[in-house]
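Colleague: Structure file final01.tsv, TSV, C-alpha atoms, is pasted below:
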```tsv
chain	number	residue	atom	x	y	z
A	3	MET	CA	134.14	83.75	95.30
A	4	THR	CA	131.67	83.51	98.16
A	5	HIS	CA	129.58	80.38	98.17
A	6	ILE	CA	126.13	80.64	99.78
A	7	GLU	CA	123.52	77.91	100.25
A	8	ARG	CA	120.82	76.71	102.59
A	9	ASP	CA	121.25	74.00	105.16
A	10	GLY	CA	117.71	73.59	106.43
A	11	ASP	CA	116.74	77.00	107.75
A	12	VAL	CA	120.36	78.04	108.22
A	13	ILE	CA	122.16	80.09	105.60
A	14	VAL	CA	125.70	78.79	105.14
A	15	MET	CA	128.27	81.07	103.55
A	16	GLN	CA	131.79	80.00	102.66
A	17	LEU	CA	134.13	82.94	102.64
A	18	THR	CA	137.51	82.65	100.96
A	19	ALA	CA	140.73	83.38	102.85
A	20	ASP	CA	140.95	86.74	101.07
A	21	GLU	CA	137.37	87.70	101.83
A	22	ARG	CA	137.41	87.08	105.57
A	23	PRO	CA	139.78	89.87	106.66
A	24	ILE	CA	138.19	92.31	104.23
A	25	LEU	CA	134.71	91.78	105.64
A	26	ALA	CA	136.01	91.82	109.22
A	27	THR	CA	137.97	95.04	108.67
A	28	PHE	CA	135.14	96.93	106.99
A	29	ALA	CA	132.67	95.83	109.66
A	30	ALA	CA	135.09	96.76	112.44
A	31	SER	CA	135.84	100.19	110.96
A	32	LEU	CA	132.17	101.03	110.68
A	33	ALA	CA	131.40	99.71	114.17
A	34	ASP	CA	134.14	102.01	115.51
A	35	MET	CA	132.69	104.96	113.61
A	36	LEU	CA	129.30	104.28	115.16
A	37	GLU	CA	130.53	103.57	118.68
A	38	PRO	CA	134.04	104.94	119.14
A	39	SER	CA	136.13	102.90	121.58
A	40	GLY	CA	133.40	100.26	121.70
A	41	GLN	CA	131.36	102.12	124.27
A	42	PRO	CA	127.81	103.41	123.85
A	43	VAL	CA	128.12	107.05	122.84
A	44	ASP	CA	126.49	108.49	125.93
A	45	ALA	CA	128.50	107.97	129.15
A	46	ASP	CA	125.55	108.97	131.38
A	47	PRO	CA	124.43	105.68	133.06
A	48	LEU	CA	120.78	106.71	133.07
A	49	ALA	CA	120.97	107.57	129.40
A	50	LYS	CA	122.57	104.19	128.76
A	51	LEU	CA	119.70	102.52	130.57
A	52	VAL	CA	116.93	104.17	128.62
A	53	GLY	CA	118.83	104.87	125.39
A	54	ILE	CA	117.98	108.54	125.55
A	55	SER	CA	120.76	111.11	125.54
A	56	ALA	CA	120.80	113.68	128.32
A	57	GLY	CA	121.80	116.57	126.11
A	58	PRO	CA	121.28	117.45	122.47
A	59	VAL	CA	122.83	115.16	119.87
A	60	ASP	CA	124.30	116.76	116.79
A	61	ARG	CA	123.82	115.50	113.29
A	62	PRO	CA	127.01	113.66	112.27
A	63	ASP	CA	129.50	115.72	110.26
A	64	ASP	CA	130.51	112.69	108.24
A	65	PRO	CA	128.07	112.32	105.32
A	66	ALA	CA	128.41	108.53	105.42
A	67	LEU	CA	127.38	108.44	109.08
A	68	ARG	CA	124.64	110.92	108.30
A	69	ARG	CA	123.26	108.45	105.78
A	70	LEU	CA	123.15	105.76	108.47
A	71	LEU	CA	121.67	108.16	111.03
A	72	PRO	CA	119.46	110.41	108.92
A	73	ASP	CA	117.18	113.25	109.99
A	74	ALA	CA	113.64	112.07	110.66
A	75	TYR	CA	111.98	115.47	110.28
A	76	ASP	CA	112.36	118.24	107.74
A	77	ASP	CA	112.60	120.86	110.48
A	78	ALA	CA	115.83	121.07	112.43
A	79	GLU	CA	114.19	121.17	115.85
A	80	GLY	CA	112.08	118.08	115.27
A	81	ALA	CA	115.03	116.28	113.76
A	82	ALA	CA	117.26	117.17	116.72
A	83	GLU	CA	114.73	115.99	119.29
A	84	PHE	CA	114.14	112.71	117.44
A	85	ARG	CA	117.90	112.25	117.23
A	86	ARG	CA	118.29	112.87	120.95
A	87	LEU	CA	115.74	110.14	121.70
A	88	THR	CA	116.98	107.52	119.25
A	89	ASP	CA	120.64	108.09	118.41
A	90	ALA	CA	122.25	105.94	121.14
A	91	ASP	CA	120.02	102.93	120.55
A	92	LEU	CA	120.32	103.14	116.77
A	93	ARG	CA	124.12	103.31	116.91
A	94	ALA	CA	124.19	100.41	119.39
A	95	GLU	CA	121.95	98.25	117.22
A	96	LYS	CA	123.96	98.91	114.07
A	97	ALA	CA	127.25	98.32	115.89
A	98	ALA	CA	125.91	95.03	117.30
A	99	ASN	CA	124.95	93.91	113.78
A	100	LEU	CA	128.46	94.66	112.56
A	101	ARG	CA	130.10	92.85	115.47
A	102	ARG	CA	128.00	89.82	114.61
A	103	ILE	CA	129.38	90.06	111.07
A	104	ILE	CA	132.93	90.27	112.45
A	105	ASP	CA	132.30	87.09	114.46
A	106	GLY	CA	131.00	85.39	111.34
A	107	ALA	CA	133.87	86.61	109.19
A	108	THR	CA	136.41	85.24	111.65
A	109	ALA	CA	134.64	81.89	112.12
A	110	ALA	CA	136.73	78.74	111.71
A	111	GLY	CA	137.48	77.86	108.11
A	112	GLY	CA	135.54	80.85	106.84
A	113	VAL	CA	132.26	78.94	107.21
A	114	VAL	CA	129.57	81.36	108.33
A	115	ARG	CA	126.33	79.89	109.61
A	116	ILE	CA	123.50	82.43	109.74
A	117	ASN	CA	120.51	81.32	111.80
A	118	PRO	CA	117.02	82.65	110.94
A	119	ASP	CA	117.15	85.23	113.74
A	120	GLU	CA	120.54	86.41	112.51
A	121	VAL	CA	119.48	87.04	108.92
A	122	ASP	CA	118.10	90.56	109.47
A	123	PRO	CA	121.15	91.71	111.48
A	124	TRP	CA	123.40	90.40	108.70
A	125	LEU	CA	121.37	92.02	105.95
A	126	SER	CA	121.26	95.34	107.82
A	127	GLY	CA	124.96	95.23	108.64
A	128	ILE	CA	126.01	94.46	105.09
A	129	ASN	CA	123.64	97.14	103.85
A	130	ASP	CA	125.19	99.70	106.20
A	131	ILE	CA	128.70	98.89	104.93
A	132	ARG	CA	127.42	99.26	101.35
A	133	LEU	CA	125.82	102.60	102.23
A	134	VAL	CA	129.10	103.92	103.61
A	135	ILE	CA	131.13	102.77	100.60
A	136	GLY	CA	128.44	104.15	98.32
A	137	GLU	CA	128.65	107.51	100.04
A	138	ARG	CA	132.45	107.59	99.87
A	139	LEU	CA	132.47	106.64	96.19
A	140	ALA	CA	129.58	108.99	95.42
A	141	ILE	CA	127.58	106.17	93.87
A	142	THR	CA	124.49	107.48	92.10
A	143	ASP	CA	121.58	105.85	90.31
A	144	ASP	CA	123.29	106.24	86.98
A	145	GLY	CA	126.58	104.89	88.25
A	146	ASP	CA	128.05	104.69	84.76
A	147	HIS	CA	130.90	106.96	85.73
A	148	LEU	CA	132.26	104.14	87.89
A	149	ASP	CA	132.11	101.41	85.23
A	150	ASP	CA	135.19	102.48	83.29
A	151	LEU	CA	137.76	103.33	85.92
A	152	ASP	CA	141.42	103.06	84.94
A	153	ASP	CA	143.40	100.16	86.36
A	154	GLY	CA	145.23	102.32	88.89
A	155	ASP	CA	142.21	104.24	90.10
A	156	PRO	CA	142.26	104.27	93.91
A	157	ARG	CA	138.51	103.76	93.99
A	158	LEU	CA	138.73	100.32	92.41
A	159	PRO	CA	139.33	98.23	95.56
A	160	ALA	CA	136.42	99.80	97.43
A	161	LEU	CA	134.21	99.47	94.36
A	162	ALA	CA	135.07	95.78	94.06
A	163	ILE	CA	134.15	95.27	97.70
A	164	TYR	CA	130.91	97.19	97.16
A	165	HIS	CA	129.96	94.89	94.27
A	166	TRP	CA	130.91	91.80	96.27
A	167	LEU	CA	128.75	92.85	99.23
A	168	THR	CA	125.92	93.75	96.84
A	169	ASP	CA	126.05	90.22	95.44
A	170	MET	CA	126.25	88.72	98.95
A	171	GLN	CA	123.20	90.68	100.09
A	172	GLY	CA	121.34	89.71	96.93
A	173	TRP	CA	122.11	86.01	97.35
A	174	ILE	CA	121.05	85.99	101.00
A	175	LEU	CA	117.81	87.71	100.03
A	176	GLN	CA	117.21	85.22	97.26
A	177	LEU	CA	117.50	82.41	99.81
A	178	VAL	CA	115.28	83.98	102.49
A	179	ASP	CA	112.78	85.80	100.27
A	180	PRO	CA	112.84	84.08	96.90
A	181	ASP	CA	111.08	85.68	93.94
B	23	MET	CA	75.88	121.90	135.61
B	24	THR	CA	77.71	123.73	132.81
B	25	ILE	CA	76.44	126.01	130.15
B	26	ALA	CA	77.46	125.13	126.62
B	27	PRO	CA	79.43	127.92	124.93
B	28	GLU	CA	77.47	130.07	122.53
B	29	HIS	CA	79.92	129.31	119.78
B	30	VAL	CA	83.29	127.67	119.30
B	31	ARG	CA	86.20	129.86	118.30
B	32	GLU	CA	87.47	129.11	114.79
B	33	SER	CA	91.03	128.68	116.01
B	34	ASP	CA	89.95	125.98	118.49
B	35	VAL	CA	88.49	123.96	115.66
B	36	ASP	CA	91.62	124.42	113.56
B	37	GLU	CA	93.82	123.22	116.42
B	38	VAL	CA	91.75	120.10	116.94
B	39	GLU	CA	91.65	119.31	113.24
B	40	ASP	CA	95.38	119.87	112.99
B	41	ALA	CA	96.08	117.48	115.85
B	42	GLU	CA	93.87	114.83	114.28
B	43	ARG	CA	95.47	114.96	110.84
B	44	PRO	CA	97.25	111.67	110.41
B	45	TRP	CA	101.00	111.42	110.15
B	46	VAL	CA	102.72	109.52	107.37
B	47	THR	CA	106.08	107.84	107.00
B	48	ILE	CA	107.89	108.70	103.78
B	49	VAL	CA	110.66	106.50	102.38
B	50	TRP	CA	113.08	108.24	100.04
B	51	ASN	CA	114.91	106.69	97.13
B	52	ASP	CA	118.63	106.19	97.31
B	53	PRO	CA	121.00	104.62	94.77
B	54	VAL	CA	122.55	102.01	97.06
B	55	ASN	CA	119.62	100.04	98.45
B	56	LEU	CA	118.71	96.95	96.46
B	57	MET	CA	115.13	96.77	95.23
B	58	SER	CA	114.94	93.25	96.65
B	59	TYR	CA	116.12	94.54	100.03
B	60	VAL	CA	113.63	97.41	100.17
B	61	THR	CA	110.80	95.01	99.25
B	62	TYR	CA	111.97	92.59	101.95
B	63	VAL	CA	112.09	95.35	104.59
B	64	PHE	CA	108.56	96.53	103.77
B	65	GLN	CA	107.26	92.99	104.15
B	66	LYS	CA	109.17	92.38	107.36
B	67	LEU	CA	108.46	95.68	109.11
B	68	PHE	CA	104.87	96.28	108.05
B	69	GLY	CA	103.63	92.76	107.31
B	70	TYR	CA	102.71	93.86	103.78
B	71	SER	CA	102.12	91.27	101.09
B	72	ARG	CA	104.87	90.85	98.54
B	73	GLU	CA	102.67	92.61	95.99
B	74	LYS	CA	102.07	95.66	98.15
B	75	ALA	CA	105.70	95.82	99.27
B	76	THR	CA	106.87	95.61	95.65
B	77	LYS	CA	104.48	98.34	94.56
B	78	LEU	CA	105.67	100.67	97.31
B	79	MET	CA	109.30	99.89	96.49
B	80	LEU	CA	108.69	100.73	92.84
B	81	ASP	CA	106.97	103.97	93.86
B	82	VAL	CA	110.04	104.90	95.87
B	83	HIS	CA	112.29	103.93	92.99
B	84	HIS	CA	110.41	105.71	90.19
B	85	LYS	CA	108.91	108.68	92.02
B	86	GLY	CA	111.76	109.33	94.38
B	87	ARG	CA	109.63	108.81	97.49
B	88	ALA	CA	106.52	107.05	98.75
B	89	ALA	CA	104.28	107.14	101.81
B	90	VAL	CA	104.59	103.67	103.30
B	91	SER	CA	102.49	103.92	106.46
B	92	SER	CA	100.21	106.32	108.29
B	93	GLY	CA	98.90	106.77	111.80
B	94	THR	CA	99.70	108.75	114.91
B	95	ARG	CA	102.89	110.70	115.23
B	96	GLU	CA	104.19	108.20	117.78
B	97	GLN	CA	103.47	105.29	115.49
B	98	MET	CA	105.27	106.99	112.60
B	99	GLU	CA	108.27	107.82	114.78
B	100	HIS	CA	108.47	104.14	115.60
B	101	ASP	CA	108.24	103.20	111.92
B	102	VAL	CA	110.92	105.71	110.96
B	103	ALA	CA	113.24	104.41	113.68
B	104	ARG	CA	112.77	100.84	112.44
B	105	LEU	CA	113.40	101.89	108.84
B	106	HIS	CA	116.57	103.73	109.82
B	107	ALA	CA	117.74	100.62	111.66
B	108	ALA	CA	117.27	98.70	108.40
B	109	GLY	CA	119.24	101.34	106.48
B	110	LEU	CA	116.39	102.98	104.62
B	111	TRP	CA	116.10	106.74	104.47
B	112	ALA	CA	112.76	107.74	106.01
B	113	THR	CA	111.09	110.83	107.39
B	114	LEU	CA	107.71	111.55	108.93
B	115	GLN	CA	105.34	114.43	108.28
B	116	GLN	CA	101.75	115.36	108.78
B	117	ASP	CA	99.47	114.28	105.94
```
Would it be possible to restate this file's structure as structure tokens?

Modeller:
Amino acid sequence: MTHIERDGDVIVMQLTADERPILATFAASLADMLEPSGQPVDADPLAKLVGISAGPVDRPDDPALRRLLPDAYDDAEGAAEFRRLTDADLRAEKAANLRRIIDGATAAGGVVRINPDEVDPWLSGINDIRLVIGERLAITDDGDHLDDLDDGDPRLPALAIYHWLTDMQGWILQLVDPD
Amino acid sequence: MTIAPEHVRESDVDEVEDAERPWVTIVWNDPVNLMSYVTYVFQKLFGYSREKATKLMLDVHHKGRAAVSSGTREQMEHDVARLHAAGLWATLQQD
């Protein structure tokens, strides 16, 4: 079980030996989805500089990616233009958050130290992983249909990870923004 | 020296009024985001008090959506981009 506490203004999280590779793998998979081959999506150097894509950027086909990179406007034209202006930077920011999580997950002894300026990247990164799992498992507000899965159900491992990351996010929030 | 027009065309007035209508940022409910996280994001991004952030979060949760900020189109595009970065589902529209 993950142990989380404060050490001054640093959040310290102790990940178990089982938890570390799971967190690292999920974060790495999502980072690759966002920025395939680790490069910013647009190869145009000027686009890289200003974060704006030269040509149109399509809405992702993958519904999980679409949830992370949603349409900003109801109309397709407005949404496409907004996407063209923001897609590269948004993917880069989310991928950077996830790579920070990978670094933390692979830290010596599983001891993750999250400084105040790293809290939001961690929270966002964990949230993005949860969003992807939620999309894949079709998690809805009345998620009762997922409470009674049979032992051999292939969704169980991902659901367990979803619950674990939900708890992790909740505990971090409780430490940084207590009720 | 210019002569003032005798009258202003109706459509000119409509265009000006349309351009001056404020834009709003809408946050949409989704089943994954924690209520505590949404409240935290509203405080962090907009500087809202805990009370206001909680109220907006509950509006999103119970009504399915809530307008969380308003202003110029550019300002709302910025807000939407920040909300997307935080993993919330947001859109902008004219009020």

Colleague: If the cut-off is 6 Å, can you tell me the residues of chain A near chain B, counting all atoms listed in the file? I'd like them as a PyMOL selection string.

Modeller: chain A and resi 74-75+126+142-143

Colleague: Kindly give the distance, in Å, that separates atom CA of Leu125 of chain A and atom CA of Gly172 of chain A, rounded to a single decimal.

Modeller: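 Computed distance, atom CA of Leu125 of chain A to atom CA of Gly172 of chain A, equals 9.3 Å.
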
Colleague: Pick out the closest residue to Ala110 of chain A from this set: A:Val52, A:Ala90, A:Met15, A:Leu32. Count all atoms listed in the file.

Modeller: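 That would be A:Met15, the residue with the smallest distance to Ala110 of chain A.
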
Colleague: If we count only C-alpha atoms and set the cut-off at 12 Å, which residues sit around Ile131 of chain A, ignoring sequence neighbours fewer than 5 positions away in its own chain? Please answer as a ChimeraX atom specification.

Modeller: /A:24-33,35-36,66-67,69-70,96-97,99-100,103,124-126,136-138,160-161,163-168,171 /B:54-55,108-109

Colleague: Pick the closest to Glu96 of chain B from B:Trp50, B:Phe64, B:Gln116, B:Lys77: which is it, counting all atoms listed in the file?

Modeller: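 Selected residue with least distance to Glu96 of chain B: B:Gln116.
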
Colleague: Give me, please, the distance in Å between atom CA of Ala78 of chain A and atom CA of His84 of chain B, quoted to one decimal.

Modeller: 27.6 Å

Colleague: In Å, with one decimal, what is the gap from atom CA of Ala89 of chain B to atom CA of Leu67 of chain B?

Modeller: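 Separation of atom CA of Ala89 of chain B and atom CA of Leu67 of chain B: 14.2 Å.
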
Colleague: Using only C-alpha atoms, which residue out of A:Ile6, A:Leu92, A:Leu151, A:Val14 lies closest to Glu120 of chain A?

Modeller: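 For Glu120 of chain A, the nearest of the given residues is A:Val14.
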
Colleague: List the residues sitting within 12 Å of (122.8, 81.1, 101.0) in the file's frame, using all atoms listed in the file, as a VMD selection string.

Modeller: chain A and resid 4 to 17 113 to 118 121 169 to 180

Colleague: Write the residues of the selection above to a file with C-alpha atoms, as a PDB file, keeping the file's coordinate frame.

Modeller:
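Output (result-v4.pdb):
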```
ATOM      1  CA  THR A   4     131.670  83.510  98.160  1.00  0.00           C
ATOM      2  CA  HIS A   5     129.580  80.380  98.170  1.00  0.00           C
ATOM      3  CA  ILE A   6     126.130  80.640  99.780  1.00  0.00           C
ATOM      4  CA  GLU A   7     123.520  77.910 100.250  1.00  0.00           C
ATOM      5  CA  ARG A   8     120.820  76.710 102.590  1.00  0.00           C
ATOM      6  CA  ASP A   9     121.250  74.000 105.160  1.00  0.00           C
ATOM      7  CA  GLY A  10     117.710  73.590 106.430  1.00  0.00           C
ATOM      8  CA  ASP A  11     116.740  77.000 107.750  1.00  0.00           C
ATOM      9  CA  VAL A  12     120.360  78.040 108.220  1.00  0.00           C
ATOM     10  CA  ILE A  13     122.160  80.090 105.600  1.00  0.00           C
ATOM     11  CA  VAL A  14     125.700  78.790 105.140  1.00  0.00           C
ATOM     12  CA  MET A  15     128.270  81.070 103.550  1.00  0.00           C
ATOM     13  CA  GLN A  16     131.790  80.000 102.660  1.00  0.00           C
ATOM     14  CA  LEU A  17     134.130  82.940 102.640  1.00  0.00           C
ATOM     15  CA  VAL A 113     132.260  78.940 107.210  1.00  0.00           C
ATOM     16  CA  VAL A 114     129.570  81.360 108.330  1.00  0.00           C
ATOM     17  CA  ARG A 115     126.330  79.890 109.610  1.00  0.00           C
ATOM     18  CA  ILE A 116     123.500  82.430 109.740  1.00  0.00           C
ATOM     19  CA  ASN A 117     120.510  81.320 111.800  1.00  0.00           C
ATOM     20  CA  PRO A 118     117.020  82.650 110.940  1.00  0.00           C
ATOM     21  CA  VAL A 121     119.480  87.040 108.920  1.00  0.00           C
ATOM     22  CA  ASP A 169     126.050  90.220  95.440  1.00  0.00           C
ATOM     23  CA  MET A 170     126.250  88.720  98.950  1.00  0.00           C
ATOM     24  CA  GLN A 171     123.200  90.680 100.090  1.00  0.00           C
ATOM     25  CA  GLY A 172     121.340  89.710  96.930  1.00  0.00           C
ATOM     26  CA  TRP A 173     122.110  86.010  97.350  1.00  0.00           C
ATOM     27  CA  ILE A 174     121.050  85.990 101.000  1.00  0.00           C
ATOM     28  CA  LEU A 175     117.810  87.710 100.030  1.00  0.00           C
ATOM     29  CA  GLN A 176     117.210  85.220  97.260  1.00  0.00           C
ATOM     30  CA  LEU A 177     117.500  82.410  99.810  1.00  0.00           C
ATOM     31  CA  VAL A 178     115.280  83.980 102.490  1.00  0.00           C
ATOM     32  CA  ASP A 179     112.780  85.800 100.270  1.00  0.00           C
ATOM     33  CA  PRO A 180     112.840  84.080  96.900  1.00  0.00           C
TER      34      PRO A 180
END
```

Colleague: With distances taken over only C-alpha atoms, which residue among B:Asp117, B:Val49, B:Met23, B:Leu78 lies nearest Gly93 of chain B?

Modeller: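 Answer, going by the shortest atom-to-atom distance: B:Asp117.
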
Colleague: Produce segment 74-85 of chain B of the given structure as output with all heavy atoms, as a JSON list (two decimals), in the first residue's frame.

Modeller:
```json
[["chain", "number", "residue", "atom", "x", "y", "z"],
["B", 74, "LYS", "N", -16.35, 29.37, -3.22],
["B", 74, "LYS", "CA", -16.81, 29.57, -4.60],
["B", 74, "LYS", "C", -16.41, 28.38, -5.48],
["B", 74, "LYS", "O", -17.20, 27.92, -6.31],
["B", 74, "LYS", "CB", -16.21, 30.86, -5.16],
["B", 74, "LYS", "CG", -16.62, 31.10, -6.61],
["B", 74, "LYS", "CD", -16.38, 32.53, -7.07],
["B", 74, "LYS", "CE", -16.89, 32.66, -8.51],
["B", 74, "LYS", "NZ", -16.74, 34.02, -9.04],
["B", 75, "ALA", "N", -15.19, 27.90, -5.29],
["B", 75, "ALA", "CA", -14.73, 26.76, -6.08],
["B", 75, "ALA", "C", -15.60, 25.53, -5.81],
["B", 75, "ALA", "O", -15.95, 24.79, -6.74],
["B", 75, "ALA", "CB", -13.27, 26.45, -5.76],
["B", 76, "THR", "N", -15.96, 25.32, -4.56],
["B", 76, "THR", "CA", -16.79, 24.18, -4.19],
["B", 76, "THR", "C", -18.17, 24.31, -4.81],
["B", 76, "THR", "O", -18.74, 23.34, -5.34],
["B", 76, "THR", "CB", -16.91, 24.05, -2.66],
["B", 76, "THR", "OG1", -15.60, 23.94, -2.10],
["B", 76, "THR", "CG2", -17.73, 22.83, -2.27],
["B", 77, "LYS", "N", -18.72, 25.51, -4.75],
["B", 77, "LYS", "CA", -20.06, 25.73, -5.33],
["B", 77, "LYS", "C", -20.06, 25.44, -6.84],
["B", 77, "LYS", "O", -20.95, 24.78, -7.36],
["B", 77, "LYS", "CB", -20.52, 27.17, -5.08],
["B", 77, "LYS", "CG", -21.95, 27.38, -5.56],
["B", 77, "LYS", "CD", -22.32, 28.82, -5.79],
["B", 77, "LYS", "CE", -23.74, 28.93, -6.37],
["B", 77, "LYS", "NZ", -23.86, 28.28, -7.68],
["B", 78, "LEU", "N", -19.04, 25.94, -7.53],
["B", 78, "LEU", "CA", -18.96, 25.70, -8.97],
["B", 78, "LEU", "C", -18.78, 24.21, -9.27],
["B", 78, "LEU", "O", -19.40, 23.68, -10.19],
["B", 78, "LEU", "CB", -17.79, 26.50, -9.57],
["B", 78, "LEU", "CG", -18.02, 28.00, -9.71],
["B", 78, "LEU", "CD1", -16.73, 28.69, -10.13],
["B", 78, "LEU", "CD2", -19.14, 28.30, -10.70],
["B", 79, "MET", "N", -17.95, 23.55, -8.46],
["B", 79, "MET", "CA", -17.74, 22.11, -8.64],
["B", 79, "MET", "C", -19.06, 21.36, -8.47],
["B", 79, "MET", "O", -19.39, 20.47, -9.26],
["B", 79, "MET", "CB", -16.69, 21.63, -7.63],
["B", 79, "MET", "CG", -16.44, 20.13, -7.64],
["B", 79, "MET", "SD", -17.64, 19.15, -6.67],
["B", 79, "MET", "CE", -17.27, 19.74, -4.99],
["B", 80, "LEU", "N", -19.83, 21.74, -7.46],
["B", 80, "LEU", "CA", -21.11, 21.07, -7.22],
["B", 80, "LEU", "C", -22.09, 21.37, -8.35],
["B", 80, "LEU", "O", -22.90, 20.50, -8.71],
["B", 80, "LEU", "CB", -21.69, 21.51, -5.86],
["B", 80, "LEU", "CG", -20.93, 20.96, -4.65],
["B", 80, "LEU", "CD1", -21.45, 21.60, -3.36],
["B", 80, "LEU", "CD2", -21.06, 19.44, -4.56],
["B", 81, "ASP", "N", -22.04, 22.57, -8.90],
["B", 81, "ASP", "CA", -22.88, 22.89, -10.06],
["B", 81, "ASP", "C", -22.55, 21.97, -11.22],
["B", 81, "ASP", "O", -23.43, 21.41, -11.87],
["B", 81, "ASP", "CB", -22.67, 24.35, -10.50],
["B", 81, "ASP", "CG", -23.43, 25.34, -9.62],
["B", 81, "ASP", "OD1", -24.30, 24.89, -8.83],
["B", 81, "ASP", "OD2", -23.14, 26.55, -9.71],
["B", 82, "VAL", "N", -21.24, 21.81, -11.47],
["B", 82, "VAL", "CA", -20.81, 20.92, -12.54],
["B", 82, "VAL", "C", -21.32, 19.50, -12.28],
["B", 82, "VAL", "O", -21.87, 18.84, -13.15],
["B", 82, "VAL", "CB", -19.27, 20.91, -12.67],
["B", 82, "VAL", "CG1", -18.80, 19.82, -13.62],
["B", 82, "VAL", "CG2", -18.76, 22.27, -13.12],
["B", 83, "HIS", "N", -21.16, 19.09, -11.03],
["B", 83, "HIS", "CA", -21.50, 17.72, -10.66],
["B", 83, "HIS", "C", -23.00, 17.44, -10.77],
["B", 83, "HIS", "O", -23.41, 16.42, -11.32],
["B", 83, "HIS", "CB", -21.01, 17.47, -9.23],
["B", 83, "HIS", "CG", -21.23, 16.07, -8.75],
["B", 83, "HIS", "ND1", -20.51, 15.00, -9.19],
["B", 83, "HIS", "CD2", -22.11, 15.57, -7.85],
["B", 83, "HIS", "CE1", -20.92, 13.89, -8.58],
["B", 83, "HIS", "NE2", -21.90, 14.22, -7.76],
["B", 84, "HIS", "N", -23.80, 18.38, -10.27],
["B", 84, "HIS", "CA", -25.26, 18.14, -10.20],
["B", 84, "HIS", "C", -25.99, 18.55, -11.46],
["B", 84, "HIS", "O", -26.99, 17.93, -11.83],
["B", 84, "HIS", "CB", -25.86, 18.86, -9.00],
["B", 84, "HIS", "CG", -25.42, 18.28, -7.69],
["B", 84, "HIS", "ND1", -25.67, 16.97, -7.34],
["B", 84, "HIS", "CD2", -24.76, 18.82, -6.64],
["B", 84, "HIS", "CE1", -25.17, 16.73, -6.13],
["B", 84, "HIS", "NE2", -24.61, 17.84, -5.68],
["B", 85, "LYS", "N", -25.49, 19.61, -12.13],
["B", 85, "LYS", "CA", -26.21, 20.11, -13.30],
["B", 85, "LYS", "C", -25.59, 19.65, -14.60],
["B", 85, "LYS", "O", -26.14, 19.87, -15.66],
["B", 85, "LYS", "CB", -26.24, 21.65, -13.27],
["B", 85, "LYS", "CG", -26.96, 22.21, -12.05],
["B", 85, "LYS", "CD", -26.87, 23.73, -11.98],
["B", 85, "LYS", "CE", -27.48, 24.23, -10.67],
["B", 85, "LYS", "NZ", -27.23, 25.67, -10.45]]
```
